[in-house]
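All remarks here apply to the structure that follows.
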Amino acid sequence: MTRQHRLATLAVQAGEDHRGQFHPLSTPIVQTSTFIFPTSLDVQRYSEGKSSAYMYTRYGNPTLHAAEVKIAALEGGEEGLVTASGMAAISTAALTVLHTGDEIVSSRNIYGGTFHFFNKVLSKFNIGTHYFDGDDLEAAERLITPRTRLLYLETPANPTMRIIDLRRAVQIAKKHRLFSMVDSTFGTPVLQRPLKLGFDLVMHSVTKYLSGHSDIIGGALVGSHKVISEIRDTMKRLGGIMDPTAAYFLLRGLKTLTVRVERQCETASRLARFLARHSRIERAHYPGLKSSPYHRLAVKQMGGLFGGMVAADLRGGRRAAMRFADRLRVFQNAASLGGVESLISLPVLTSQWGYTPQQLRDVGITEGTVRLSVGVEDARDLIEDIRQALE
Ligand SMILES: *Cc1c(COP(=O)(O)O)cnc(C)c1O
């Protein structure tokens, strides 16, 4: 197993730990808080940093390690780190990289939890965040001051799959010597690998596509050995570690990542085309549609795949969207995304709750927008479900 192998091979095989008494094919769950040392001398050697033994699961655990190696291989990075949640990954990384008085320049269209972490938590430490429209990276450059330390992006972004030009963004970060970080949760390594383009850190909520079965909460970070070691030290202190059983489900889900995501992209393209043509739909949002303002960038940046998320603005506003969601039988109405089950959610009832009409326009949605997370069911059943719910 080497890094030279292709993504689908790495997804199945990288990181798996076949050692242990019985040579298991799948990596065991090492569900323990602590580890036994044969002698006190072994403890001393561990504390001197001269042994690869494990001591305590908050400092490291073989099941977590296997997941970290696999995700790092998929992203093409030196080292990975798994965390208790996507938010633990973001907060632990930010609290490692930033100091009091630093500033963040961030794309505006980011996950709500991240937005609140920046505005409500980091602000208490005198760390300010300035937001730019992801379509306008020149605006990002104008926000940079001598205090700016972090360029933060999310692409593709919820709920309409806006895409930011990663190559251009990394040029700006390098020119101004900023630390660059991207939330690649919607992209997955199947669509984009930001580290290969020069980003310092890539982050995932593995709750979504990477675990892929809506059964765990977790996060991951991948970067250079130096960057990840520093973040790992912070994590040991903050404590947001992943549980070994969650790491097992993550490893298991990752094996089918490419199969799932390719299928989800294919089905999402079909659904987007169907929605774009339907008379009850004002507008469909999907970067795979030729009419999308992000189509050309998506082709260049995401290797011919366009993601498994589709949004559509229904005619008739919130009432029409709620009626549509309630009439679906295959799609379930639930938050979250990226799993094998198809889900629907209404941004005005969830991620964009309480937004004013102007704020909704800024995000590019309406009262009637629905967001679909496409699963791996048969595309014909999903289209049939949408057709009957619209009519
Ligand atoms: C869900 C999500 C997060 C937060 O991850 P949790 O695992 O819920 O903590 C961050 N970013 C994006 C894009 C997400 O979808």
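Ligands are numbered from 1 in the order shown, chains are lettered A, B, ... in the order of the structure tokens, and residues start at 1 in each chain.
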
ask   = Which polymer residues have any atom within 12 Å of an atom of Thr92 in chain A, counting only C-alpha atoms, with same-chain residues fewer than 3 positions away left out, as an MDAnalysis selection string?
value = chainID A and resid 81:89 95:98 114 117 122 203 219:221 227:241

inquiry  = Could you list the protein, DNA and RNA residues that have any atom within 10 Å of ligand 1, counting only C-alpha atoms and all ligand atoms, and write them as number ranges by chain?
reply    = A: 83-91, 109-115, 154-159, 182-187, 203-209, 216-220, 335-338

note = Between A:Arg361, A:Arg260, A:Arg380, A:Arg296, smallest distance to Val190 in chain A by only C-alpha atoms belongs to A:Arg260

Polymer residues at most 10 Å from Ile365 in chain A, only C-alpha atoms, same-chain spacing of 2 or more positions, as a short mmCIF file (atom, residue, chain, number, x, y, z; two decimals) with C-alpha atoms, in the first residue's frame:
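Generated file (out.cif):
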data_model
loop_
_atom_site.label_atom_id
_atom_site.label_comp_id
_atom_site.auth_asym_id
_atom_site.auth_seq_id
_atom_site.Cartn_x
_atom_site.Cartn_y
_atom_site.Cartn_z
CA PRO A 159 -27.02 25.72 0.49
CA THR A 160 -26.63 26.62 -3.20
CA ARG A 283 -34.56 27.93 -10.34
CA HIS A 285 -28.89 25.40 -8.13
CA ALA A 311 -30.98 23.13 -4.21
CA ALA A 312 -34.11 24.42 -5.89
CA ASP A 313 -36.33 27.48 -5.44
CA PRO A 347 -32.84 26.45 4.68
CA VAL A 348 -35.34 29.05 5.99
CA GLN A 352 -30.94 30.35 7.46
CA PRO A 357 -35.27 39.00 2.96
CA GLN A 359 -29.92 38.35 4.06
CA LEU A 360 -31.64 35.58 2.10
CA ARG A 361 -30.82 37.40 -1.15
CA ASP A 362 -27.20 37.72 -0.03
CA VAL A 363 -27.01 33.95 0.42
CA GLU A 367 -38.36 31.48 1.14
CA GLY A 368 -39.16 28.58 -1.20
CA THR A 369 -35.68 27.07 -1.44
CA VAL A 370 -35.28 23.39 -0.65
#

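When only C-alpha atoms are used to measure the gap to Ala140 in chain A, the shortest distance among A:Ala173, A:Met242, A:Lys124, A:Met55 belongs to A:Ala173.
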
ask   = Of the residues A:Gly354, A:Gly364, A:Ser211, A:Leu289, which is the one nearest to Asp135 in chain A, using only C-alpha atoms?
value = A:Gly364

key: Picked from range 88-243 of chain A by DSSP as strand (DSSP E), as a PyMOL selection string   = chain A and resi 103-107+128-132+148-154+179-183+201-205+219-223

task = Step one, run DSSP on the backbone; step two, keep only residues of range 63-203 of chain A assigned to alpha helix (DSSP H); then write them as number ranges by chain.
result = A: 63-75, 86-97, 112-116, 137-143, 166-175, 188-191, 194-197

ask   = Between A:Ala94, A:Val30, A:Leu210, A:Leu197, which has the minimum distance to Val261 in chain A (counting only C-alpha atoms)?
value =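 Counting only C-alpha atoms, the residue closest to Val261 in chain A is A:Leu210.
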
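Counting only C-alpha atoms and comparing A:Gly223, A:Ala247, A:Leu7, A:Ser180, the residue that lies closest to Glu262 in chain A is A:Leu7.
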
task = Counting only C-alpha atoms, figure out which residue out of A:Phe118, A:Phe132, A:Tyr248, A:Tyr152 gets nearest to Ala66 in chain A.
result = A:Tyr248

key: Gap from CA of Asp102 in chain A to CA of Gly134 in chain A - Å, one decimal   =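 Value for the CA of Asp102 in chain A-CA of Gly134 in chain A distance: 21.3 Å.
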
Would you mind listing what lies within 9 Å of Pro146 in chain A as a PDB file with N, CA and C atoms, in the first residue's frame, with only C-alpha atoms counted and same-chain residues fewer than 3 positions away left out?
ATOM      1  N   ASP A 102      -5.180  38.892  16.427  1.00  0.00           N
ATOM      2  CA  ASP A 102      -5.161  38.470  15.015  1.00  0.00           C
ATOM      3  C   ASP A 102      -6.530  38.681  14.384  1.00  0.00           C
ATOM      4  N   GLU A 103      -6.537  38.677  13.054  1.00  0.00           N
ATOM      5  CA  GLU A 103      -7.802  38.777  12.320  1.00  0.00           C
ATOM      6  C   GLU A 103      -7.930  37.629  11.329  1.00  0.00           C
ATOM      7  N   ARG A 149      -4.269  36.949   9.913  1.00  0.00           N
ATOM      8  CA  ARG A 149      -3.422  35.766  10.064  1.00  0.00           C
ATOM      9  C   ARG A 149      -3.980  34.573   9.286  1.00  0.00           C
ATOM     10  N   HIS A 176       0.275  37.255   0.873  1.00  0.00           N
ATOM     11  CA  HIS A 176       0.194  38.013   2.133  1.00  0.00           C
ATOM     12  C   HIS A 176       0.648  37.190   3.340  1.00  0.00           C
TER      13      HIS A 176
END

ask   = What does the distance between CA of Val222 in chain A and CA of Gly80 in chain A come to in Å, to one decimal place?
value =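 CA of Val222 in chain A sits 4.3 Å away from CA of Gly80 in chain A.
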